[in-house]
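Novice: Structure file structure-v1.cif (mmCIF, C-alpha atoms and all ligand atoms) is given on the next line.
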data_final
loop_
_atom_site.label_atom_id
_atom_site.label_comp_id
_atom_site.auth_asym_id
_atom_site.auth_seq_id
_atom_site.Cartn_x
_atom_site.Cartn_y
_atom_site.Cartn_z
CA MET U 10 75.69 26.31 2.49
CA GLU U 11 72.87 27.30 0.24
CA GLU U 12 69.49 27.29 1.91
CA LYS U 13 66.60 26.18 -0.21
CA PRO U 14 63.37 27.98 0.54
CA VAL U 15 60.57 25.60 1.47
CA ARG U 16 57.34 26.50 -0.18
CA LEU U 17 54.36 25.85 2.04
CA ASP U 18 51.53 24.80 -0.18
CA PRO U 19 49.60 21.88 1.23
CA TRP U 20 47.16 21.86 -1.65
CA ALA U 21 49.53 21.98 -4.55
CA SER U 22 49.29 18.22 -4.90
CA ALA U 23 45.57 18.44 -5.26
CA VAL U 24 45.38 19.09 -8.97
CA LYS U 25 47.70 16.81 -10.86
CA LEU U 26 48.65 17.46 -14.43
CA GLU U 27 46.60 14.73 -16.04
CA TYR U 28 43.45 16.42 -14.81
CA ASP U 29 44.39 19.43 -16.92
CA LYS U 30 43.37 17.51 -20.01
CA LEU U 31 39.80 17.50 -18.80
CA PHE U 32 39.86 21.27 -18.82
CA ARG U 33 41.44 21.51 -22.24
CA TYR U 34 39.63 18.76 -24.10
CA PHE U 35 36.24 18.54 -22.47
CA GLY U 36 35.47 22.02 -21.25
CA ILE U 37 35.40 21.18 -17.56
CA LYS U 38 36.10 24.38 -15.61
CA PRO U 39 38.47 24.68 -12.65
CA PHE U 40 36.55 24.53 -9.40
CA GLN U 41 38.95 27.03 -7.87
CA GLU U 42 37.31 29.77 -9.91
CA VAL U 43 33.97 29.35 -8.15
CA LEU U 44 35.41 28.77 -4.67
CA PRO U 45 35.13 32.39 -3.45
CA ARG U 46 31.51 32.41 -4.54
CA VAL U 47 30.93 29.12 -2.69
CA SER U 48 32.07 30.82 0.51
CA GLN U 49 29.71 33.71 -0.12
CA VAL U 50 26.69 31.60 -0.95
CA PHE U 51 27.08 28.39 1.10
CA GLY U 52 29.39 29.60 3.86
CA ASP U 53 32.30 27.31 4.69
CA PRO U 54 33.26 25.22 1.68
CA LEU U 55 33.69 21.49 2.23
CA HIS U 56 37.31 20.52 3.00
CA LEU U 57 37.39 18.66 -0.32
CA MET U 58 36.57 21.94 -2.07
CA ARG U 59 39.05 24.04 -0.11
CA ARG U 60 41.84 21.57 -0.76
CA GLY U 61 41.35 21.16 -4.47
CA VAL U 62 40.23 17.51 -4.27
CA ILE U 63 37.09 18.67 -6.03
CA PHE U 64 38.93 20.21 -8.93
CA GLY U 65 36.44 20.77 -11.72
CA HIS U 66 32.85 21.59 -12.55
CA ARG U 67 30.30 22.29 -15.22
CA ASP U 68 27.76 25.07 -14.67
CA TYR U 69 28.32 25.15 -10.91
CA ASP U 70 27.82 28.90 -10.98
CA LYS U 71 24.19 28.20 -11.90
CA ILE U 72 23.73 26.10 -8.79
CA LEU U 73 25.18 28.86 -6.65
CA GLU U 74 22.94 31.49 -8.18
CA ALA U 75 19.86 29.28 -7.89
CA TYR U 76 20.58 28.58 -4.23
CA LYS U 77 21.28 32.23 -3.55
CA SER U 78 17.98 33.31 -5.01
CA GLY U 79 16.03 30.65 -3.14
CA GLU U 80 15.22 28.42 -6.10
CA ARG U 81 14.96 24.68 -5.69
CA VAL U 82 18.17 22.73 -5.87
CA ALA U 83 18.93 19.03 -5.80
CA LEU U 84 21.88 16.70 -5.75
CA VAL U 85 21.93 13.44 -7.68
CA THR U 86 24.67 10.90 -7.36
CA GLY U 87 25.06 7.16 -7.55
CA PHE U 88 27.04 4.22 -6.30
CA MET U 89 27.99 1.07 -8.13
CA PRO U 90 27.43 -1.63 -5.51
CA SER U 91 30.28 -3.79 -6.71
CA GLY U 92 32.30 -4.19 -3.52
CA LYS U 93 32.66 -2.97 0.00
CA PHE U 94 32.41 0.74 0.85
CA HIS U 95 35.89 2.27 1.07
CA PHE U 96 37.42 5.67 1.69
CA GLY U 97 37.07 6.64 -1.97
CA HIS U 98 33.31 6.27 -1.53
CA LYS U 99 33.38 8.22 1.72
CA MET U 100 34.47 11.23 -0.28
CA VAL U 101 31.16 11.14 -2.16
CA ALA U 102 29.25 10.59 1.08
CA ASP U 103 30.90 13.68 2.59
CA GLN U 104 29.65 15.73 -0.34
CA ILE U 105 26.12 14.34 -0.13
CA ILE U 106 25.91 15.17 3.55
CA TYR U 107 27.35 18.64 3.02
CA TYR U 108 24.60 19.44 0.49
CA GLN U 109 21.93 17.80 2.60
CA LYS U 110 22.82 20.15 5.45
CA LEU U 111 22.51 23.09 3.06
CA GLY U 112 18.96 21.98 2.33
CA PHE U 113 19.41 20.42 -1.10
CA GLU U 114 16.97 17.73 -2.10
CA ILE U 115 19.00 14.53 -2.30
CA PHE U 116 18.66 11.67 -4.81
CA ILE U 117 20.99 8.72 -4.30
CA VAL U 118 20.89 5.88 -6.77
CA ILE U 119 22.19 2.40 -6.18
CA ALA U 120 23.25 1.32 -9.67
CA ASP U 121 22.21 -2.30 -9.40
CA ALA U 122 20.97 -2.50 -13.00
CA GLU U 123 24.34 -1.32 -14.25
CA ALA U 124 26.17 -3.69 -11.89
CA TYR U 125 24.17 -6.59 -13.28
CA ALA U 126 24.22 -5.77 -16.99
CA VAL U 127 27.65 -4.18 -17.42
CA ARG U 128 29.72 -5.51 -14.53
CA LYS U 129 27.95 -8.87 -14.73
CA LEU U 130 27.69 -9.20 -10.98
CA ASP U 131 25.41 -11.51 -9.07
CA ARG U 132 22.12 -9.77 -8.35
CA LYS U 133 21.61 -11.04 -4.87
CA LYS U 134 25.06 -9.95 -3.84
CA VAL U 135 24.63 -6.54 -5.45
CA ILE U 136 21.41 -5.92 -3.53
CA GLU U 137 23.01 -7.03 -0.25
CA ILE U 138 26.02 -4.81 -0.79
CA GLY U 139 23.85 -1.91 -1.86
CA LEU U 140 21.93 -2.13 1.40
CA TYR U 141 24.42 -3.21 4.01
CA GLU U 142 27.51 -1.52 2.64
CA TYR U 143 26.42 1.60 0.75
CA VAL U 144 23.19 2.66 2.40
CA ALA U 145 24.39 1.60 5.85
CA ASN U 146 27.66 3.52 5.58
CA LEU U 147 25.86 6.61 4.32
CA ILE U 148 23.60 6.50 7.36
CA ALA U 149 26.53 5.91 9.71
CA LEU U 150 28.35 8.89 8.20
CA GLY U 151 25.40 11.09 9.02
CA LEU U 152 22.93 11.01 6.13
CA GLU U 153 19.61 12.11 7.61
CA LYS U 154 16.29 10.62 6.76
CA ASN U 155 13.92 13.40 5.69
CA LYS U 156 11.26 14.02 3.09
CA HIS U 157 13.79 15.61 0.75
CA THR U 158 16.09 12.59 0.68
CA HIS U 159 15.47 9.71 -1.69
CA ILE U 160 17.49 6.54 -2.10
CA TYR U 161 16.50 4.01 -4.73
CA PHE U 162 17.71 0.98 -6.64
CA GLN U 163 17.70 1.40 -10.41
CA THR U 164 15.56 -1.72 -10.82
CA ASN U 165 12.98 -0.70 -8.23
CA TYR U 166 11.75 2.83 -8.77
CA GLU U 167 8.77 4.84 -9.97
CA LYS U 168 7.14 4.44 -13.38
CA PRO U 169 7.93 7.90 -14.85
CA TYR U 170 11.62 7.19 -14.35
CA TYR U 171 11.40 4.16 -16.64
CA ARG U 172 9.34 6.17 -19.12
CA LEU U 173 12.26 8.58 -19.40
CA ILE U 174 14.67 5.80 -20.31
CA GLN U 175 12.34 4.69 -23.09
CA MET U 176 11.71 8.19 -24.39
CA PHE U 177 15.38 9.16 -24.31
CA SER U 178 16.23 6.32 -26.68
CA ARG U 179 14.40 8.12 -29.51
CA LYS U 180 16.55 11.24 -29.68
CA ILE U 181 20.05 9.83 -29.63
CA THR U 182 21.96 7.95 -32.31
CA MET U 183 24.40 5.08 -32.00
CA ALA U 184 27.05 7.22 -33.68
CA GLU U 185 26.67 9.88 -31.01
CA MET U 186 26.87 7.34 -28.24
CA GLU U 187 29.93 5.70 -29.76
CA ALA U 188 31.61 9.07 -30.07
CA ILE U 189 31.19 9.50 -26.32
CA TYR U 190 31.61 5.95 -25.01
CA GLY U 191 33.60 4.08 -27.65
CA ASP U 192 32.55 0.47 -28.28
CA LEU U 193 29.08 -0.26 -27.04
CA GLU U 194 26.94 -3.24 -26.23
CA PRO U 195 23.23 -3.26 -25.37
CA GLY U 196 23.93 -3.39 -21.63
CA LYS U 197 26.01 -0.24 -21.83
CA VAL U 198 23.45 1.56 -23.97
CA VAL U 199 20.76 0.81 -21.41
CA ALA U 200 23.08 1.75 -18.53
CA ALA U 201 23.84 5.11 -20.13
CA LEU U 202 20.16 5.86 -20.75
CA THR U 203 19.41 4.77 -17.21
CA GLN U 204 22.04 7.04 -15.76
CA ALA U 205 20.64 9.93 -17.80
CA ALA U 206 17.25 9.19 -16.23
CA ASP U 207 18.88 9.04 -12.78
CA ILE U 208 20.22 12.52 -13.30
CA LEU U 209 17.24 14.12 -15.03
CA HIS U 210 14.15 12.57 -13.43
CA PRO U 211 14.06 14.88 -10.38
CA GLN U 212 12.98 17.70 -12.69
CA LEU U 213 9.74 15.97 -13.74
CA GLU U 214 6.40 17.15 -12.37
CA TYR U 215 5.92 13.70 -10.89
CA PHE U 216 9.04 14.15 -8.74
CA GLY U 217 8.11 17.63 -7.60
CA GLY U 218 8.84 19.69 -10.69
CA PHE U 219 11.77 21.66 -11.95
CA LYS U 220 14.84 22.03 -9.81
CA TYR U 221 18.47 22.76 -10.52
CA VAL U 222 20.54 19.60 -10.29
CA VAL U 223 24.19 19.12 -9.41
CA VAL U 224 25.94 15.79 -9.85
CA PRO U 225 29.14 15.27 -7.84
CA VAL U 226 31.18 12.48 -9.42
CA GLY U 227 34.65 11.20 -10.15
CA ALA U 228 36.08 12.44 -13.42
CA ASP U 229 35.55 9.03 -15.03
CA GLN U 230 31.81 9.75 -15.03
CA ASP U 231 32.08 12.81 -17.24
CA PRO U 232 31.03 10.96 -20.40
CA HIS U 233 27.70 10.29 -18.68
CA ILE U 234 27.42 13.94 -17.78
CA ARG U 235 28.04 15.09 -21.36
CA PHE U 236 25.59 12.51 -22.68
CA THR U 237 22.96 13.58 -20.17
CA ARG U 238 23.42 17.25 -20.97
CA ASP U 239 22.84 16.50 -24.67
CA ILE U 240 19.68 14.61 -23.84
CA ALA U 241 18.44 17.42 -21.61
CA ASP U 242 18.79 19.86 -24.51
CA ARG U 243 16.71 17.63 -26.74
CA PHE U 244 13.95 17.25 -24.18
CA GLU U 245 13.83 20.84 -23.09
CA ASN U 246 10.72 21.57 -25.10
CA GLU U 247 8.99 18.25 -24.70
CA LEU U 248 9.59 17.67 -20.98
CA GLY U 249 11.05 20.91 -19.69
CA LEU U 250 14.37 19.27 -18.82
CA ARG U 251 17.45 21.41 -18.31
CA ARG U 252 21.14 20.55 -18.23
CA PRO U 253 22.53 19.30 -14.94
CA ALA U 254 25.60 20.88 -13.36
CA SER U 255 28.42 18.66 -12.14
CA THR U 256 31.54 18.61 -10.01
CA TYR U 257 34.55 16.34 -10.36
CA HIS U 258 36.79 15.03 -7.63
CA ARG U 259 40.17 13.40 -7.78
CA PHE U 260 40.38 9.73 -7.00
CA GLN U 261 42.00 8.69 -3.81
CA THR U 262 45.18 6.74 -4.47
CA GLY U 263 45.52 3.15 -3.29
CA LEU U 264 48.04 2.59 -0.51
CA ASP U 265 50.63 1.30 -3.00
CA GLY U 266 50.30 4.41 -5.16
CA ASN U 267 48.05 2.79 -7.76
CA LYS U 268 44.28 2.74 -7.96
CA MET U 269 42.11 2.47 -4.87
CA SER U 270 39.52 -0.14 -5.62
CA SER U 271 37.47 -2.85 -3.93
CA SER U 272 39.24 -5.36 -6.15
CA ARG U 273 42.58 -4.43 -4.55
CA PRO U 274 41.75 -4.97 -0.87
CA ASP U 275 45.36 -4.90 0.37
CA TYR U 276 45.74 -1.31 -0.80
CA THR U 277 42.26 -0.07 -0.03
CA ILE U 278 40.85 0.66 3.40
CA PHE U 279 37.22 -0.25 3.83
CA LEU U 280 35.12 1.50 6.44
CA SER U 281 34.20 -1.91 7.81
CA ASP U 282 37.79 -3.14 8.11
CA PRO U 283 38.61 -4.25 11.66
CA VAL U 284 40.72 -1.48 13.16
CA ASP U 285 43.87 -3.61 13.42
CA VAL U 286 43.55 -4.68 9.78
CA ALA U 287 43.08 -1.08 8.64
CA VAL U 288 46.04 0.10 10.70
CA ARG U 289 48.24 -2.66 9.32
CA LYS U 290 47.36 -1.64 5.76
CA LEU U 291 48.08 1.99 6.54
CA LYS U 292 51.42 1.21 8.12
CA ARG U 293 52.55 -0.54 4.95
CA ALA U 294 51.46 2.35 2.73
CA LEU U 295 53.67 4.06 0.19
CA THR U 296 54.94 7.41 1.45
CA GLY U 297 56.87 10.28 -0.03
CA GLY U 298 59.81 9.37 2.19
CA ARG U 299 63.44 9.17 1.06
CA ALA U 300 65.62 6.08 0.89
CA THR U 301 67.33 6.73 4.21
CA VAL U 302 66.62 8.71 7.37
CA GLU U 303 69.73 10.78 6.75
CA GLU U 304 68.50 11.75 3.28
CA GLN U 305 65.06 12.53 4.55
CA ARG U 306 66.43 14.84 7.25
CA ARG U 307 68.54 16.58 4.64
CA LEU U 308 66.15 16.76 1.67
CA GLY U 309 62.77 16.55 3.33
CA GLY U 310 59.92 14.28 2.32
CA VAL U 311 57.58 14.59 -0.65
CA PRO U 312 54.03 14.85 0.70
CA GLU U 313 52.75 15.26 -2.87
CA ASN U 314 53.64 11.61 -3.46
CA CYS U 315 52.49 10.30 -0.13
CA THR U 316 49.36 8.22 0.34
CA ILE U 317 49.41 9.00 4.07
CA TYR U 318 49.43 12.72 3.43
CA GLU U 319 46.58 12.20 0.99
CA PHE U 320 44.63 10.44 3.71
CA TYR U 321 45.03 13.51 5.91
CA VAL U 322 43.88 15.79 3.11
CA TYR U 323 40.85 13.71 2.16
CA HIS U 324 39.72 12.31 5.48
CA LEU U 325 41.76 12.42 8.62
CA LEU U 326 42.32 16.12 9.29
CA GLN U 327 39.60 18.72 9.28
CA ASP U 328 41.85 21.54 10.49
CA ASP U 329 43.74 23.24 7.66
CA ARG U 330 46.41 24.62 9.99
CA GLU U 331 47.19 21.18 11.36
CA LEU U 332 47.45 19.92 7.79
CA ALA U 333 49.80 22.76 6.86
CA ARG U 334 51.93 22.00 9.90
CA ILE U 335 52.39 18.37 8.89
CA TYR U 336 53.08 19.38 5.31
CA SER U 337 55.84 21.77 6.24
CA GLU U 338 57.41 19.54 8.87
CA CYS U 339 57.58 16.76 6.31
CA LYS U 340 58.94 19.05 3.61
CA GLU U 341 61.61 20.36 5.95
CA GLY U 342 62.73 16.90 7.00
CA ARG U 343 61.63 17.32 10.58
CA LEU U 344 58.81 14.76 10.44
CA LEU U 345 59.83 11.24 9.47
CA CYS U 346 57.52 8.60 8.03
CA GLY U 347 57.50 6.33 11.09
CA PRO U 348 56.05 8.80 13.58
CA ASP U 349 53.87 10.30 10.87
CA LYS U 350 52.30 6.93 10.08
CA GLN U 351 51.81 6.39 13.78
CA TYR U 352 49.88 9.65 14.01
CA ALA U 353 47.76 8.84 10.95
CA ALA U 354 47.07 5.37 12.34
CA GLU U 355 45.80 6.84 15.60
CA LEU U 356 43.46 9.20 13.77
CA LEU U 357 42.27 6.39 11.52
CA ALA U 358 41.67 4.03 14.44
CA LYS U 359 39.70 6.66 16.31
CA PHE U 360 37.58 7.39 13.26
CA LEU U 361 36.89 3.73 12.51
CA GLU U 362 36.00 2.83 16.09
CA GLU U 363 33.36 5.53 16.25
CA HIS U 364 32.15 4.91 12.72
CA GLN U 365 31.76 1.19 13.21
CA ARG U 366 29.67 1.67 16.32
CA ARG U 367 27.30 3.77 14.22
CA LEU U 368 27.52 1.36 11.29
CA GLU U 369 26.30 -1.54 13.35
CA LYS U 370 23.18 0.39 14.33
CA ALA U 371 22.76 1.78 10.83
CA ARG U 372 22.57 -1.71 9.37
CA ASP U 373 19.31 -2.24 11.25
CA ARG U 374 17.85 0.90 9.71
CA VAL U 375 18.62 0.56 6.00
CA LEU U 376 15.07 -0.49 5.17
CA ASP U 377 13.77 2.80 6.61
CA TYR U 378 15.71 4.55 3.88
CA VAL U 379 15.27 2.40 0.78
CA GLU U 380 13.11 -0.36 -0.61
CA PRO U 381 15.20 -3.15 -2.14
CA PRO U 382 14.06 -5.01 -5.27
CA GLU U 383 12.42 -8.35 -4.48
CA PHE U 384 14.70 -10.27 -6.87
N1 LIG U 401 27.86 4.81 -13.15
C1 LIG U 401 28.10 5.19 -11.79
C2 LIG U 401 29.33 4.41 -11.26
O1 LIG U 401 29.85 3.58 -11.95
C3 LIG U 401 26.92 4.98 -10.88
C4 LIG U 401 25.75 5.86 -11.23
C5 LIG U 401 24.54 5.44 -11.72
C6 LIG U 401 25.63 7.28 -11.09
N2 LIG U 401 23.69 6.46 -11.87
C7 LIG U 401 24.31 7.62 -11.50
C8 LIG U 401 26.50 8.26 -10.67
C9 LIG U 401 23.88 8.94 -11.50
C10 LIG U 401 26.04 9.59 -10.66
C11 LIG U 401 24.75 9.91 -11.10
O2 LIG U 401 29.75 4.61 -10.15
#
Could you write out this file's structure as structure tokens?
Ligand code: TRP
Specialist:
Amino acid sequence: MEEKPVRLDPWASAVKLEYDKLFRYFGIKPFQEVLPRVSQVFGDPLHLMRRGVIFGHRDYDKILEAYKSGERVALVTGFMPSGKFHFGHKMVADQIIYYQKLGFEIFIVIADAEAYAVRKLDRKKVIEIGLYEYVANLIALGLEKNKHTHIYFQTNYEKPYYRLIQMFSRKITMAEMEAIYGDLEPGKVVAALTQAADILHPQLEYFGGFKYVVVPVGADQDPHIRFTRDIADRFENELGLRRPASTYHRFQTGLDGNKMSSSRPDYTIFLSDPVDVAVRKLKRALTGGRATVEEQRRLGGVPENCTIYEFYVYHLLQDDRELARIYSECKEGRLLCGPDKQYAAELLAKFLEEHQRRLEKARDRVLDYVEPPEF
């Protein structure tokens, strides 16, 4: 009988083909190319970097060089407070905390203006969710409070930030915006200018003066990054603004293989889900298993198409060797989906139990971190 060699490559699934387009069409660079330098400059890369979940970047080499030579560096990222905090959001939190530990200045924006004007969400709810879901989960995951960490709501910040939004409007045309965003409406125009101010304001004198900025986001946010980089160029002379760098991560797949999103709660695990609810969702998840046990033993599973395996890669396993072991046992047909799900469920339950203990305490502390808008 012919023996098929099993290739052990736990991270092959990390960069899917569709992401290639971003490289070809938009000039995003593969993150893999800067990974060795990350190890040299930062030490251990984040698991999301090692495993190719963070797959692309713009100008990241500049961040590395700035950090290396002791220049000031900052991270800016934002959350749309549209629903409960889920594991897709945790991925961003992990990155924020990684950079905070490296000593980056941290700017986290709760995009309540965008949620109101573009998503048309109820303001009161958005503020509640911003505080008790997003800020609370960030704290519970380990975000420290220090003088280099700033969390703000878009509708409740400092004057010079709003001045930027107004000034930016002068040096951009509708045609340019439409080329980037497609059909626009006033709410979207304001949201885009606001996001540009989110990303660029840390460089102003008022906010401590020039610093290199990196923006870790999902690939869907790249239009904002390109827009912001154009604006930075046009305000280089007037305000001393420089282009931000960015990184792009893959989206976590929903448990049915489609999108993970707050609006699809059956296929999305929230960090506040009761443990039994979360485990039940996980146990129903789509795997890369075969139709029958016999087939799976013979052909092996397909971890590349498995939402459970993805959970290990993104969240549940820190140890790369353990991950590689599961990958190969699945590939070789030695690990079946039942026991594998059981193992994932145990890891998930353990994580959630500890996290939710911290979350409860964190909810009492959100106002130490951020001032909510009064209406
Ligand atoms: N538009 C982002 C989202 O939909 C939220 C956001 C607002 C943001 N300002 C930002 C993200 C600045 C990164 C940087 O999730």
Novice: Show me which residues are within 9 Å of ligand LIG 401 (chain U) counting all atoms listed in the file, and format the list as a VMD selection string.
Specialist: chain U and resid 85 to 90 116 to 124 163 200 to 201 203 to 208 224 to 227 229 to 230 233 to 234
Novice: Taking 4 positions as the minimum chain separation for residues in the same chain, which residues sit within 12 Å of region 35-45 of chain U when counting only C-alpha atoms? Answer as JSON, numbers by chain.
Specialist: {"U": [20, 23, 24, 28, 29, 30, 31, 49, 50, 51, 52, 53, 54, 55, 56, 57, 58, 59, 60, 61, 62, 63, 64, 65, 66, 67, 68, 69, 70, 71, 72, 73, 74, 189, 225, 228, 231, 232, 234, 235, 254, 255, 256, 257, 258, 259]}
Novice: For CA of Ala287 (chain U) and CA of Ala353 (chain U), quote the distance in Å rounded to one decimal.
Specialist: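 Straight-line distance from CA of Ala287 (chain U) to CA of Ala353 (chain U) works out to 11.2 Å.
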Novice: Determine, using only C-alpha atoms, which residues of region 80-128 of chain U have any atom at most 10 Å from an atom of region 306-328 of chain U, and tabulate each with its shortest atom pair and distance in Å to one decimal place, rows ordered by chain and then rising number, as a tab-separated table.
Specialist:
residue	atom	partner	partner_atom	distance
U:Phe96	CA	U:His324	CA	8.0
U:Gly97	CA	U:Tyr323	CA	9.0
U:Lys99	CA	U:His324	CA	8.4
U:Met100	CA	U:Tyr323	CA	7.3
U:Asp103	CA	U:His324	CA	9.4
Novice: Once you have the residues from the selection above, write them out as a PDB file, keeping the file's coordinate frame, restricted to C-alpha atoms.
Specialist:
ATOM      1  CA  PHE U  96      37.420   5.670   1.690  1.00  0.00           C
ATOM      2  CA  GLY U  97      37.070   6.640  -1.970  1.00  0.00           C
ATOM      3  CA  LYS U  99      33.380   8.220   1.720  1.00  0.00           C
ATOM      4  CA  MET U 100      34.470  11.230  -0.280  1.00  0.00           C
ATOM      5  CA  ASP U 103      30.900  13.680   2.590  1.00  0.00           C
TER       6      ASP U 103
END
Novice: How many Å lie between CA of Gly92 (chain U) and CA of Arg273 (chain U), rounded to one decimal?
Specialist: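 Pair CA of Gly92 (chain U) / CA of Arg273 (chain U) returns 10.3 Å.
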Novice: Kindly give the distance, in Å, that separates CA of Met186 (chain U) and CA of Ile136 (chain U), rounded to a single decimal.
Specialist: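 Rounded to one decimal, the two atoms are 28.6 Å apart.
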Novice: Give me the residues within 10 Å of Leu376 (chain U) as a PyMOL selection string, counting all atoms listed in the file and dropping any in the same chain fewer than 2 places off.
Specialist: chain U and resi 140-141+144-145+371-374+378-381
Novice: What's around Pro169 (chain U) at 12 Å? Count all atoms listed in the file, leave out sequence neighbours fewer than 4 positions away in its own chain, and write the answer as a list in words.
Specialist: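 Result of the neighbour search: Asn165, Leu173, Ile174, Gln175, Met176, Ala206, Asp207, Leu209, His210, Pro211, Gln212, Leu213, Glu214, Tyr215, Phe216 and Leu248 of chain U.
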Novice: Hey, which of U:Ala126, U:Ala184, U:Val286, U:Val223 ends up closest to Gly196 (chain U)? Count all atoms listed in the file.
Specialist: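 Looking at the shortest contact to Gly196 (chain U), the residue is U:Ala126.
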Novice: Under the rule that all atoms listed in the file are counted, which of U:Lys290, U:Pro382, U:Phe219, U:Ala354 is the nearest residue to Lys133 (chain U)?
Specialist: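 Closest candidate: U:Pro382.
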Novice: Hey, what's within 7 Å of Tyr336 (chain U) if we count all atoms listed in the file and toss same-chain stuff fewer than 3 positions away? As JSON, numbers by chain, please?
Specialist: {"U": [19, 312, 332, 333, 339, 340]}
Novice: Taking every listed atom of region 282-285 of chain U and adding 5 Å to each side, what centre and edge lengths in Å (one decimal) does the axis-aligned box have, as AutoDock Vina command-line options?
Specialist:
--center_x 40.8 --center_y -2.9 --center_z 10.8 --size_x 16.1 --size_y 12.8 --size_z 15.3
Novice: Could you tell me which of U:Leu130, U:Ile240, U:Ala149, U:Ala300 comes closest to Lys180 (chain U) if we count only C-alpha atoms?
Specialist: U:Ile240
Novice: Could you tell me which of U:Val199, U:Ala294, U:Val82, U:Val222 comes closest to Leu111 (chain U) if we count all atoms listed in the file?
Specialist: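 Selected residue with least distance to Leu111 (chain U): U:Val82.
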Novice: Between U:Leu295, U:Glu355, U:Gly217, U:Glu247, which is the closest to Asn267 (chain U) once you count all atoms listed in the file?
Specialist: U:Leu295
Novice: Ranking U:His98, U:Gln109, U:Leu84, U:Leu150 by minimum distance to Met269 (chain U) and counting only C-alpha atoms, which one comes first?
Specialist: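 Ranking U:His98, U:Gln109, U:Leu84, U:Leu150 by distance to Met269 (chain U), first place goes to U:His98.
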